[in-house]
Every structure is written in structure tokens, then in C-alpha cells.
>>> print(open('run-v7.tsv').read())   # TSV, C-alpha atoms and all ligand atoms
chain	number	residue	atom	x	y	z
F	1	MET	CA	0.00	0.00	0.00
F	2	GLU	CA	2.80	2.37	1.01
F	3	GLN	CA	4.59	1.47	-2.23
F	4	ILE	CA	1.51	2.29	-4.33
F	5	LYS	CA	1.15	5.66	-2.59
F	6	LEU	CA	4.82	6.43	-3.19
F	7	ALA	CA	4.58	5.46	-6.86
F	8	GLN	CA	1.59	7.76	-7.47
F	9	ARG	CA	2.64	10.90	-5.71
F	10	PRO	CA	4.57	13.71	-7.44
F	11	LEU	CA	8.32	13.86	-7.04
F	12	VAL	CA	8.95	16.79	-4.72
F	13	GLY	CA	12.55	16.11	-3.77
F	14	THR	CA	15.78	17.77	-4.81
F	15	ILE	CA	18.98	16.48	-6.34
F	16	ARG	CA	21.98	17.61	-4.32
F	17	GLN	CA	25.41	16.56	-3.20
F	18	LEU	CA	25.28	14.80	0.15
F	19	ARG	CA	27.03	16.45	3.08
F	20	PRO	CA	29.22	14.57	5.60
F	21	SER	CA	26.29	14.75	8.04
F	22	ASP	CA	24.11	12.87	5.52
F	23	LEU	CA	25.97	9.61	6.20
F	24	PRO	CA	23.14	8.07	8.30
F	25	ARG	CA	20.57	9.07	5.65
F	26	PHE	CA	22.70	7.53	2.88
F	27	ALA	CA	23.07	4.31	4.92
F	28	GLU	CA	19.31	4.20	5.55
F	29	HIS	CA	18.70	4.60	1.81
F	30	LEU	CA	20.94	1.63	1.02
F	31	LEU	CA	19.28	-0.42	3.77
F	32	ARG	CA	15.83	0.25	2.28
F	33	LEU	CA	16.87	-1.25	-1.09
F	34	ASP	CA	15.00	-4.50	-1.72
F	35	ASP	CA	16.90	-7.72	-2.42
F	36	GLU	CA	16.74	-7.43	-6.20
F	37	SER	CA	17.92	-3.81	-6.20
F	38	ARG	CA	20.75	-4.74	-3.82
F	39	ARG	CA	21.82	-7.53	-6.18
F	40	ASP	CA	21.59	-5.21	-9.19
F	41	ARG	CA	23.53	-2.46	-7.44
F	42	PHE	CA	26.27	-4.58	-5.83
F	43	ASN	CA	26.43	-7.46	-8.30
F	44	GLY	CA	25.95	-9.97	-5.50
F	45	LEU	CA	24.79	-10.41	-1.96
F	46	ALA	CA	24.70	-7.29	0.18
F	47	ASP	CA	23.41	-7.80	3.70
F	48	ASP	CA	22.70	-4.98	6.16
F	49	ALA	CA	26.13	-5.17	7.81
F	50	PHE	CA	27.82	-4.92	4.42
F	51	LEU	CA	25.70	-1.89	3.46
F	52	ARG	CA	26.39	-0.04	6.73
F	53	ALA	CA	30.14	-0.61	6.33
F	54	TYR	CA	29.95	0.36	2.65
F	55	ALA	CA	28.23	3.68	3.44
F	56	GLU	CA	30.87	4.48	6.08
F	57	ARG	CA	33.66	3.68	3.62
F	58	CYS	CA	32.17	5.94	0.96
F	59	PHE	CA	32.00	8.90	3.31
F	60	HIS	CA	35.44	8.33	4.80
F	61	GLU	CA	37.20	7.72	1.49
F	62	GLY	CA	36.02	10.91	-0.18
F	63	VAL	CA	33.49	9.36	-2.58
F	64	THR	CA	31.25	12.00	-4.15
F	65	VAL	CA	27.62	11.07	-3.49
F	66	ILE	CA	24.72	12.89	-5.11
F	67	GLY	CA	21.32	12.22	-3.59
F	68	TYR	CA	17.69	12.48	-4.49
F	69	VAL	CA	16.46	13.92	-1.20
F	70	GLU	CA	12.95	14.40	0.13
F	71	GLY	CA	12.82	16.06	3.55
F	72	ASP	CA	15.19	14.10	5.77
F	73	LYS	CA	15.28	11.04	3.52
F	74	VAL	CA	17.73	10.11	0.78
F	75	LEU	CA	15.66	8.02	-1.67
F	76	GLY	CA	18.16	7.74	-4.52
F	77	ALA	CA	21.91	8.11	-4.89
F	78	ALA	CA	24.63	8.35	-7.51
F	79	GLU	CA	28.24	7.71	-6.52
F	80	LEU	CA	31.52	8.77	-8.08
F	81	HIS	CA	34.49	6.66	-6.98
F	82	GLU	CA	37.91	7.74	-8.19
F	83	LEU	CA	40.07	5.07	-9.83
F	84	PRO	CA	43.54	6.50	-9.10
F	85	GLU	CA	45.34	3.64	-10.83
F	86	GLU	CA	44.07	4.76	-14.26
F	87	SER	CA	46.37	6.93	-16.38
F	88	GLU	CA	43.63	9.49	-17.14
F	89	PRO	CA	41.41	10.99	-14.40
F	90	THR	CA	38.76	8.27	-14.21
F	91	ALA	CA	35.93	7.41	-11.86
F	92	GLU	CA	33.59	4.47	-11.41
F	93	ILE	CA	29.94	5.48	-11.08
F	94	ALA	CA	27.01	3.64	-9.52
F	95	PHE	CA	23.34	4.34	-8.93
F	96	SER	CA	20.54	3.31	-6.61
F	97	VAL	CA	16.90	4.37	-6.59
F	98	GLU	CA	14.47	2.82	-4.13
F	99	ARG	CA	12.03	0.42	-5.73
F	100	PRO	CA	8.80	2.47	-5.32
F	101	LEU	CA	10.44	5.40	-7.11
F	102	GLN	CA	12.19	3.49	-9.88
F	103	HIS	CA	11.29	4.18	-13.51
F	104	ARG	CA	10.18	7.76	-12.80
F	105	GLY	CA	13.20	9.59	-14.15
F	106	ILE	CA	15.20	9.95	-10.93
F	107	GLY	CA	18.07	7.81	-12.26
F	108	GLY	CA	18.36	10.10	-15.28
F	109	ARG	CA	18.36	13.24	-13.12
F	110	LEU	CA	21.03	11.78	-10.85
F	111	PHE	CA	23.09	10.78	-13.88
F	112	ARG	CA	23.04	14.29	-15.35
F	113	ARG	CA	24.04	15.86	-12.06
F	114	LEU	CA	26.81	13.31	-11.58
F	115	ILE	CA	28.26	14.14	-14.99
F	116	ALA	CA	28.27	17.86	-14.12
F	117	GLN	CA	30.02	17.06	-10.85
F	118	ALA	CA	32.55	14.81	-12.64
F	119	ARG	CA	33.33	17.65	-15.06
F	120	GLY	CA	33.81	20.00	-12.12
F	121	LEU	CA	36.34	17.54	-10.70
F	122	ALA	CA	38.06	17.33	-14.13
F	123	TYR	CA	37.49	13.63	-14.70
F	124	SER	CA	37.83	12.72	-18.34
F	125	ARG	CA	36.34	9.24	-18.22
F	126	LEU	CA	33.56	7.51	-16.28
F	127	GLN	CA	33.04	3.77	-16.02
F	128	VAL	CA	29.97	1.85	-14.99
F	129	THR	CA	29.57	-1.89	-14.52
F	130	THR	CA	26.40	-3.89	-14.09
F	131	HIS	CA	25.19	-7.37	-14.87
F	132	SER	CA	23.95	-7.95	-18.40
F	133	ASP	CA	20.29	-8.44	-17.35
F	134	ASN	CA	20.04	-4.97	-15.83
F	135	ALA	CA	17.88	-3.39	-18.54
F	136	ALA	CA	17.26	-0.14	-16.63
F	137	MET	CA	20.95	0.55	-16.02
F	138	LYS	CA	21.88	-0.32	-19.59
F	139	ALA	CA	19.14	2.01	-20.92
F	140	LEU	CA	20.36	4.77	-18.64
F	141	ALA	CA	24.00	4.32	-19.64
F	142	ARG	CA	23.08	4.33	-23.33
F	143	ARG	CA	21.09	7.52	-22.86
F	144	PHE	CA	24.26	9.21	-21.62
F	145	LYS	CA	26.28	7.87	-24.54
F	146	ALA	CA	28.19	5.18	-22.70
F	147	LYS	CA	30.01	2.78	-24.99
F	148	LEU	CA	28.89	-0.61	-23.77
F	149	SER	CA	30.80	-3.88	-23.94
F	150	PHE	CA	29.76	-7.28	-22.65
F	151	ASP	CA	31.91	-9.81	-20.87
F	152	HIS	CA	30.98	-12.94	-18.87
F	153	GLY	CA	27.51	-11.75	-17.87
F	154	GLU	CA	28.67	-8.22	-17.08
F	155	THR	CA	28.11	-5.03	-19.02
F	156	HIS	CA	30.82	-2.37	-18.91
F	157	GLY	CA	30.05	1.18	-19.96
F	158	VAL	CA	32.59	3.93	-20.64
F	159	ILE	CA	31.65	7.60	-20.94
F	160	GLU	CA	34.23	10.00	-22.34
F	161	LEU	CA	33.75	13.48	-20.91
F	162	ASP	CA	35.28	15.28	-23.87
F	163	ALA	CA	35.57	19.03	-23.99
F	164	ASP	CA	32.58	19.67	-26.28
F	165	GLY	CA	30.07	18.37	-23.76
F	166	ALA	CA	29.15	15.29	-25.81
F	167	ALA	CA	28.18	13.17	-22.83
F	168	ASP	CA	25.73	15.83	-21.65
F	169	ALA	CA	23.68	15.58	-24.84
F	170	GLU	CA	21.44	12.60	-24.33
F	171	TRP	CA	20.35	10.48	-27.27
F	172	GLY	CA	17.09	12.16	-28.41
F	173	PHE	CA	15.41	11.61	-25.09
F	174	PHE	CA	12.47	13.83	-24.11
F	175	LEU	CA	13.24	15.17	-20.70
F	176	PRO	CA	10.38	15.55	-18.23
F	177	ASP	CA	11.28	18.94	-16.76
F	178	ALA	CA	11.75	22.28	-18.45
F	179	GLY	CA	15.40	22.76	-17.46
F	180	ARG	CA	16.32	19.51	-19.12
F	181	ASN	CA	14.58	20.52	-22.34
F	182	VAL	CA	16.54	23.77	-22.38
F	183	ALA	CA	19.75	21.78	-21.91
F	184	LYS	CA	18.78	19.56	-24.81
F	185	ALA	CA	18.03	22.55	-27.02
F	186	TYR	CA	21.48	23.99	-26.36
F	187	ALA	CA	23.08	20.64	-27.05
F	188	ALA	CA	21.32	20.27	-30.41
F	201	LIG	C1	19.11	1.41	-12.50
F	201	LIG	C2	18.36	2.51	-11.75
F	201	LIG	C3	19.37	3.38	-11.00
F	201	LIG	C4	17.61	3.38	-12.77
F	201	LIG	O1	16.98	4.43	-12.07
F	201	LIG	P1	15.48	4.85	-12.47
F	201	LIG	O2	15.14	6.06	-11.68
F	201	LIG	O3	14.61	3.67	-12.34
F	201	LIG	O4	15.72	5.20	-13.99
F	201	LIG	P2	14.88	6.17	-14.93
F	201	LIG	O5	13.45	6.21	-14.52
F	201	LIG	O6	15.62	7.45	-15.00
F	201	LIG	O7	14.96	5.35	-16.29
F	201	LIG	C5	16.19	5.04	-16.88
F	201	LIG	C6	15.98	4.17	-18.08
F	201	LIG	O8	15.75	2.83	-17.66
F	201	LIG	C7	14.53	2.37	-18.17
F	201	LIG	N1	13.97	1.56	-17.11
F	201	LIG	C8	13.65	1.94	-15.87
F	201	LIG	N2	13.21	0.89	-15.16
F	201	LIG	C9	13.26	-0.18	-15.99
F	201	LIG	C10	12.96	-1.56	-15.85
F	201	LIG	N3	12.50	-2.04	-14.69
F	201	LIG	N4	13.16	-2.37	-16.91
F	201	LIG	C11	13.62	-1.87	-18.08
F	201	LIG	N5	13.94	-0.58	-18.28
F	201	LIG	C12	13.76	0.25	-17.24
F	201	LIG	C13	13.71	3.60	-18.44
F	201	LIG	O9	12.72	3.36	-19.45
F	201	LIG	C14	14.78	4.53	-18.93
F	201	LIG	O10	15.13	4.18	-20.26
F	201	LIG	P3	15.11	5.23	-21.42
F	201	LIG	O11	16.12	6.28	-21.02
F	201	LIG	O12	15.52	4.45	-22.61
F	201	LIG	O13	13.71	5.70	-21.43
F	201	LIG	C15	17.31	1.93	-10.76
F	201	LIG	O14	16.42	1.12	-11.46
F	201	LIG	C16	17.93	1.15	-9.62
F	201	LIG	O15	18.32	1.71	-8.61
F	201	LIG	N6	18.05	-0.18	-9.77
F	201	LIG	C17	18.65	-1.01	-8.72
F	201	LIG	C18	20.14	-0.74	-8.54
F	201	LIG	C19	20.89	-0.79	-9.85
F	201	LIG	O16	20.59	-1.58	-10.73
F	201	LIG	N7	21.92	0.06	-9.95
F	201	LIG	C20	22.71	0.11	-11.17
F	201	LIG	C21	24.00	-0.63	-11.01
F	201	LIG	S1	25.29	0.51	-10.83
>>> encode(input="run-v7.tsv", output="C-alpha cells")
Amino acid sequence: MEQIKLAQRPLVGTIRQLRPSDLPRFAEHLLRLDDESRRDRFNGLADDAFLRAYAERCFHEGVTVIGYVEGDKVLGAAELHELPEESEPTAEIAFSVERPLQHRGIGGRLFRRLIAQARGLAYSRLQVTTHSDNAAMKALARRFKAKLSFDHGETHGVIELDADGAADAEWGFFLPDAGRNVAKAYAA
């Protein structure tokens, strides 16, 4: 019942970078992910203890986390993890949206904001990995011009953040809010 209510109501939250004090809210978001979303996000089993430790690690290791936030709740998140071993400035990205709010455009909004943040941090390449059955993540990655490759049940996406803003121009996708349409018009 709660899930139906959540799915029907308008999205009133904001997309913003999470502050250090948001750690408990980020952990609670991860803990609310259902089993399937946890498997999709972490490519395997992720119990509560793992998720609590993971959230702590993110905040203590300087991971950039963008949230979809409603009131005092983080209901979606996009993470930017630096890969310092790569020769070019590169980061691994990952996304999570709670089940009742999935497929309503929040993943796309988080993705766009994450790309802006990655540009601000002068990353030139983003990588995303998910299992090959994850249709939503593959659709999202394609929308942001990721080059996808497939290997042993995993899908790897690479987004080049070249200087002309190519990754910001989504593939002919109609964006639900006015600001996004303006962005698309400029990109055209
Ligand atoms: C993947 C995920 C972040 C997408 O977020 P979202 O808010 O549901 O995505 P959006 O509503 O912005 O939709 C993104 C695209 O996926 C498609 N999509 C969404 N849910 C889908 C589903 N269940 N099956 C197939 N496609 C789906 C949308 O149609 C859209 O495609 P389009 O751009 O071609 O129209 C979200 O589903 C999620 O958190 N899943 C569990 C965790 C996960 O898989 N993380 C990714 C691994 S890093």
C-alpha cells in the first residue's frame, strides 16, 4: 500500500550533493533497497552489515555522493568513486533508486548531475559496470552515450567526458522537466 502511494505521488525532492552529516541518511537509503535492487547495485549479496560498512567507507574515502532527497530522507543516490590507478582521471559510477520510485526519471536526473560534478572535478572518463540483465541501467548508460561492452555476464560502460560536452547531450530523449529541455536545445 505504502509502495503504491509512493509510486503515485509527485516527485517533490531535490537532487543535491550529500554532506558529511548525511551519512546516516545515505546508509538508511541503502538499507531500504529491496533484495533485487541490492543484487543489481552490488552485483551480489549485500546484507545490512555490508551496506552499513559500505556507506561508512564511501564517506570516509572521499566518494562524491549525489542524492535524491525528500525532507530528511535520501531516496536515490549516484556515486563517483575515483580510480587513481588509471592513467587518465577516471571514476567508477554507480546508482541506486528505491524500488517504489524506480522508472520515474530519478536515475536520469542523478546521472546528469553526476556528470556535471565529474566535469567540475576534471574527470575525463567515467566507467559503470552492471550485470547484463540490468535493462534499466543499460538504458540509462546508453542515454548518456556510454560505450557498452559485454563480458561474462557483465556489461561495462565507458563515458568520455570530452571538452565539447558530448556526454551531456542525451540520445534524443524527451526530458520531463523544463530545465532539461533547455539543456537539450542547447546541445542540439
Ligand atoms: C538502475 C536505476 C538506478 C535506474 O533508475 P530509475 O530512476 O529507475 O531510472 P529512470 O526512470 O531514470 O529510467 C532510466 C531508463 O531505464 C529504463 N527503465 C527503468 N526501469 C526499468 C525496468 N525495470 N526495466 C527496463 N527498463 C527500465 C527507463 O525506461 C529509462 O530508459 P530510457 O532512457 O531508454 O527511457 C534503478 O532502477 C535502480 O536503482 N536499480 C537497482 C540498482 C541498480 O541496478 N543500480 C545500477 C547498477 S550501478
>>> residues_near_ligand(input="run-v7.tsv", ligand="ligand LIG 201 (chain F)", cutoff="8 Å", atoms="all atoms listed in the file", output="PyMOL selection string")
chain F and resi 33+36-43+76+93-99+101-109+128-131+134-140+142-143+173
>>> closest_residue(input="run-v7.tsv", among="F:Tyr68, F:Phe144, F:Tyr123, F:Phe150", to="His29 of chain F", atoms="only C-alpha atoms")
F:Tyr68
>>> closest_residue(input="run-v7.tsv", among="F:Val69, F:Thr155, F:Leu23, F:Arg32", to="Tyr54 of chain F", atoms="all atoms listed in the file")
F:Leu23
>>> atom_distance(input="run-v7.tsv", atom1="atom CA of Lys147 of chain F", atom2="atom CA of Gln117 of chain F")
20.1 Å
>>> atom_distance(input="run-v7.tsv", atom1="atom CA of Pro89 of chain F", atom2="atom CA of Val158 of chain F")
12.9 Å
>>> atom_distance(input="run-v7.tsv", atom1="atom CA of Arg125 of chain F", atom2="atom CA of Leu110 of chain F")
17.2 Å
>>> closest_residue(input="run-v7.tsv", among="F:Ala49, F:Glu86, F:Ala116, F:Pro24", to="Thr64 of chain F", atoms="all atoms listed in the file")
F:Ala116
>>> residues_around(input="run-v7.tsv", residues="Ile115 of chain F", least_positions_apart="3", cutoff="12 Å", atoms="all atoms listed in the file", output="ChimeraX atom specification")
/F:64-66,78-80,91-94,108-112,118-127,141,144-146,159-162,165-170
>>> write_last_selection(input="run-v7.tsv", atoms="C-alpha atoms", output="PDB file, in the coordinates of the input")
ATOM      1  CA  THR F  64      31.250  12.000  -4.150  1.00  0.00           C
ATOM      2  CA  VAL F  65      27.620  11.070  -3.490  1.00  0.00           C
ATOM      3  CA  ILE F  66      24.720  12.890  -5.110  1.00  0.00           C
ATOM      4  CA  ALA F  78      24.630   8.350  -7.510  1.00  0.00           C
ATOM      5  CA  GLU F  79      28.240   7.710  -6.520  1.00  0.00           C
ATOM      6  CA  LEU F  80      31.520   8.770  -8.080  1.00  0.00           C
ATOM      7  CA  ALA F  91      35.930   7.410 -11.860  1.00  0.00           C
ATOM      8  CA  GLU F  92      33.590   4.470 -11.410  1.00  0.00           C
ATOM      9  CA  ILE F  93      29.940   5.480 -11.080  1.00  0.00           C
ATOM     10  CA  ALA F  94      27.010   3.640  -9.520  1.00  0.00           C
ATOM     11  CA  GLY F 108      18.360  10.100 -15.280  1.00  0.00           C
ATOM     12  CA  ARG F 109      18.360  13.240 -13.120  1.00  0.00           C
ATOM     13  CA  LEU F 110      21.030  11.780 -10.850  1.00  0.00           C
ATOM     14  CA  PHE F 111      23.090  10.780 -13.880  1.00  0.00           C
ATOM     15  CA  ARG F 112      23.040  14.290 -15.350  1.00  0.00           C
ATOM     16  CA  ALA F 118      32.550  14.810 -12.640  1.00  0.00           C
ATOM     17  CA  ARG F 119      33.330  17.650 -15.060  1.00  0.00           C
ATOM     18  CA  GLY F 120      33.810  20.000 -12.120  1.00  0.00           C
ATOM     19  CA  LEU F 121      36.340  17.540 -10.700  1.00  0.00           C
ATOM     20  CA  ALA F 122      38.060  17.330 -14.130  1.00  0.00           C
ATOM     21  CA  TYR F 123      37.490  13.630 -14.700  1.00  0.00           C
ATOM     22  CA  SER F 124      37.830  12.720 -18.340  1.00  0.00           C
ATOM     23  CA  ARG F 125      36.340   9.240 -18.220  1.00  0.00           C
ATOM     24  CA  LEU F 126      33.560   7.510 -16.280  1.00  0.00           C
ATOM     25  CA  GLN F 127      33.040   3.770 -16.020  1.00  0.00           C
ATOM     26  CA  ALA F 141      24.000   4.320 -19.640  1.00  0.00           C
ATOM     27  CA  PHE F 144      24.260   9.210 -21.620  1.00  0.00           C
ATOM     28  CA  LYS F 145      26.280   7.870 -24.540  1.00  0.00           C
ATOM     29  CA  ALA F 146      28.190   5.180 -22.700  1.00  0.00           C
ATOM     30  CA  ILE F 159      31.650   7.600 -20.940  1.00  0.00           C
ATOM     31  CA  GLU F 160      34.230  10.000 -22.340  1.00  0.00           C
ATOM     32  CA  LEU F 161      33.750  13.480 -20.910  1.00  0.00           C
ATOM     33  CA  ASP F 162      35.280  15.280 -23.870  1.00  0.00           C
ATOM     34  CA  GLY F 165      30.070  18.370 -23.760  1.00  0.00           C
ATOM     35  CA  ALA F 166      29.150  15.290 -25.810  1.00  0.00           C
ATOM     36  CA  ALA F 167      28.180  13.170 -22.830  1.00  0.00           C
ATOM     37  CA  ASP F 168      25.730  15.830 -21.650  1.00  0.00           C
ATOM     38  CA  ALA F 169      23.680  15.580 -24.840  1.00  0.00           C
ATOM     39  CA  GLU F 170      21.440  12.600 -24.330  1.00  0.00           C
TER      40      GLU F 170
END
>>> build_atoms(input="run-v7.tsv", residues="segment 44-78 of chain F", atoms="N, CA and C atoms", output="PDB file, keeping the file's coordinate frame")
ATOM      1  N   GLY F  44      25.818  -8.804  -6.383  1.00  0.00           N
ATOM      2  CA  GLY F  44      25.950  -9.970  -5.500  1.00  0.00           C
ATOM      3  C   GLY F  44      25.223  -9.704  -4.204  1.00  0.00           C
ATOM      4  N   LEU F  45      25.485 -10.531  -3.234  1.00  0.00           N
ATOM      5  CA  LEU F  45      24.790 -10.410  -1.960  1.00  0.00           C
ATOM      6  C   LEU F  45      25.265  -9.176  -1.196  1.00  0.00           C
ATOM      7  N   ALA F  46      24.335  -8.462  -0.617  1.00  0.00           N
ATOM      8  CA  ALA F  46      24.700  -7.290   0.180  1.00  0.00           C
ATOM      9  C   ALA F  46      23.777  -7.267   1.389  1.00  0.00           C
ATOM     10  N   ASP F  47      24.274  -7.803   2.513  1.00  0.00           N
ATOM     11  CA  ASP F  47      23.410  -7.800   3.700  1.00  0.00           C
ATOM     12  C   ASP F  47      23.542  -6.457   4.419  1.00  0.00           C
ATOM     13  N   ASP F  48      22.749  -6.290   5.494  1.00  0.00           N
ATOM     14  CA  ASP F  48      22.700  -4.980   6.160  1.00  0.00           C
ATOM     15  C   ASP F  48      24.067  -4.557   6.688  1.00  0.00           C
ATOM     16  N   ALA F  49      24.811  -5.519   7.237  1.00  0.00           N
ATOM     17  CA  ALA F  49      26.130  -5.170   7.810  1.00  0.00           C
ATOM     18  C   ALA F  49      27.053  -4.670   6.698  1.00  0.00           C
ATOM     19  N   PHE F  50      27.001  -5.344   5.549  1.00  0.00           N
ATOM     20  CA  PHE F  50      27.820  -4.920   4.420  1.00  0.00           C
ATOM     21  C   PHE F  50      27.452  -3.491   4.015  1.00  0.00           C
ATOM     22  N   LEU F  51      26.142  -3.209   3.935  1.00  0.00           N
ATOM     23  CA  LEU F  51      25.700  -1.890   3.460  1.00  0.00           C
ATOM     24  C   LEU F  51      26.086  -0.779   4.435  1.00  0.00           C
ATOM     25  N   ARG F  52      25.992  -1.068   5.741  1.00  0.00           N
ATOM     26  CA  ARG F  52      26.390  -0.040   6.730  1.00  0.00           C
ATOM     27  C   ARG F  52      27.886   0.268   6.581  1.00  0.00           C
ATOM     28  N   ALA F  53      28.689  -0.807   6.456  1.00  0.00           N
ATOM     29  CA  ALA F  53      30.140  -0.610   6.330  1.00  0.00           C
ATOM     30  C   ALA F  53      30.468   0.094   5.011  1.00  0.00           C
ATOM     31  N   TYR F  54      29.721  -0.250   3.963  1.00  0.00           N
ATOM     32  CA  TYR F  54      29.950   0.360   2.650  1.00  0.00           C
ATOM     33  C   TYR F  54      29.686   1.866   2.713  1.00  0.00           C
ATOM     34  N   ALA F  55      28.572   2.248   3.337  1.00  0.00           N
ATOM     35  CA  ALA F  55      28.230   3.680   3.440  1.00  0.00           C
ATOM     36  C   ALA F  55      29.319   4.428   4.200  1.00  0.00           C
ATOM     37  N   GLU F  56      29.787   3.853   5.293  1.00  0.00           N
ATOM     38  CA  GLU F  56      30.870   4.480   6.080  1.00  0.00           C
ATOM     39  C   GLU F  56      32.104   4.672   5.212  1.00  0.00           C
ATOM     40  N   ARG F  57      32.453   3.605   4.472  1.00  0.00           N
ATOM     41  CA  ARG F  57      33.660   3.680   3.620  1.00  0.00           C
ATOM     42  C   ARG F  57      33.536   4.805   2.599  1.00  0.00           C
ATOM     43  N   CYS F  58      32.368   4.884   1.964  1.00  0.00           N
ATOM     44  CA  CYS F  58      32.170   5.940   0.960  1.00  0.00           C
ATOM     45  C   CYS F  58      32.448   7.312   1.546  1.00  0.00           C
ATOM     46  N   PHE F  59      31.879   7.560   2.733  1.00  0.00           N
ATOM     47  CA  PHE F  59      32.000   8.900   3.310  1.00  0.00           C
ATOM     48  C   PHE F  59      33.401   9.155   3.850  1.00  0.00           C
ATOM     49  N   HIS F  60      34.108   8.101   4.247  1.00  0.00           N
ATOM     50  CA  HIS F  60      35.440   8.330   4.800  1.00  0.00           C
ATOM     51  C   HIS F  60      36.529   8.295   3.739  1.00  0.00           C
ATOM     52  N   GLU F  61      36.186   7.801   2.554  1.00  0.00           N
ATOM     53  CA  GLU F  61      37.200   7.720   1.490  1.00  0.00           C
ATOM     54  C   GLU F  61      36.984   8.785   0.429  1.00  0.00           C
ATOM     55  N   GLY F  62      36.150   9.768   0.727  1.00  0.00           N
ATOM     56  CA  GLY F  62      36.020  10.910  -0.180  1.00  0.00           C
ATOM     57  C   GLY F  62      35.225  10.627  -1.447  1.00  0.00           C
ATOM     58  N   VAL F  63      34.352   9.627  -1.416  1.00  0.00           N
ATOM     59  CA  VAL F  63      33.490   9.360  -2.580  1.00  0.00           C
ATOM     60  C   VAL F  63      32.487  10.509  -2.702  1.00  0.00           C
ATOM     61  N   THR F  64      32.277  10.986  -3.929  1.00  0.00           N
ATOM     62  CA  THR F  64      31.250  12.000  -4.150  1.00  0.00           C
ATOM     63  C   THR F  64      29.906  11.289  -4.249  1.00  0.00           C
ATOM     64  N   VAL F  65      28.946  11.695  -3.428  1.00  0.00           N
ATOM     65  CA  VAL F  65      27.620  11.070  -3.490  1.00  0.00           C
ATOM     66  C   VAL F  65      26.580  12.165  -3.727  1.00  0.00           C
ATOM     67  N   ILE F  66      25.831  11.990  -4.804  1.00  0.00           N
ATOM     68  CA  ILE F  66      24.720  12.890  -5.110  1.00  0.00           C
ATOM     69  C   ILE F  66      23.446  12.165  -4.689  1.00  0.00           C
ATOM     70  N   GLY F  67      22.537  12.885  -4.058  1.00  0.00           N
ATOM     71  CA  GLY F  67      21.320  12.220  -3.590  1.00  0.00           C
ATOM     72  C   GLY F  67      20.066  12.800  -4.212  1.00  0.00           C
ATOM     73  N   TYR F  68      19.044  11.966  -4.299  1.00  0.00           N
ATOM     74  CA  TYR F  68      17.690  12.480  -4.490  1.00  0.00           C
ATOM     75  C   TYR F  68      17.098  12.517  -3.088  1.00  0.00           C
ATOM     76  N   VAL F  69      16.791  13.732  -2.613  1.00  0.00           N
ATOM     77  CA  VAL F  69      16.460  13.920  -1.200  1.00  0.00           C
ATOM     78  C   VAL F  69      15.063  14.500  -1.057  1.00  0.00           C
ATOM     79  N   GLU F  70      14.271  13.850  -0.221  1.00  0.00           N
ATOM     80  CA  GLU F  70      12.950  14.400   0.130  1.00  0.00           C
ATOM     81  C   GLU F  70      12.932  14.569   1.644  1.00  0.00           C
ATOM     82  N   GLY F  71      12.829  15.814   2.100  1.00  0.00           N
ATOM     83  CA  GLY F  71      12.820  16.060   3.550  1.00  0.00           C
ATOM     84  C   GLY F  71      14.105  15.528   4.152  1.00  0.00           C
ATOM     85  N   ASP F  72      13.977  14.641   5.144  1.00  0.00           N
ATOM     86  CA  ASP F  72      15.190  14.100   5.770  1.00  0.00           C
ATOM     87  C   ASP F  72      15.523  12.702   5.256  1.00  0.00           C
ATOM     88  N   LYS F  73      15.018  12.379   4.061  1.00  0.00           N
ATOM     89  CA  LYS F  73      15.280  11.040   3.520  1.00  0.00           C
ATOM     90  C   LYS F  73      16.037  11.119   2.199  1.00  0.00           C
ATOM     91  N   VAL F  74      17.064  10.304   2.077  1.00  0.00           N
ATOM     92  CA  VAL F  74      17.730  10.110   0.780  1.00  0.00           C
ATOM     93  C   VAL F  74      17.047   8.900   0.139  1.00  0.00           C
ATOM     94  N   LEU F  75      16.431   9.111  -1.037  1.00  0.00           N
ATOM     95  CA  LEU F  75      15.660   8.020  -1.670  1.00  0.00           C
ATOM     96  C   LEU F  75      16.329   7.502  -2.936  1.00  0.00           C
ATOM     97  N   GLY F  76      17.391   8.196  -3.354  1.00  0.00           N
ATOM     98  CA  GLY F  76      18.160   7.740  -4.520  1.00  0.00           C
ATOM     99  C   GLY F  76      19.557   8.301  -4.391  1.00  0.00           C
ATOM    100  N   ALA F  77      20.526   7.625  -5.008  1.00  0.00           N
ATOM    101  CA  ALA F  77      21.910   8.110  -4.890  1.00  0.00           C
ATOM    102  C   ALA F  77      22.721   7.742  -6.125  1.00  0.00           C
ATOM    103  N   ALA F  78      23.674   8.610  -6.437  1.00  0.00           N
ATOM    104  CA  ALA F  78      24.630   8.350  -7.510  1.00  0.00           C
ATOM    105  C   ALA F  78      26.015   8.581  -6.913  1.00  0.00           C
TER     106      ALA F  78
END
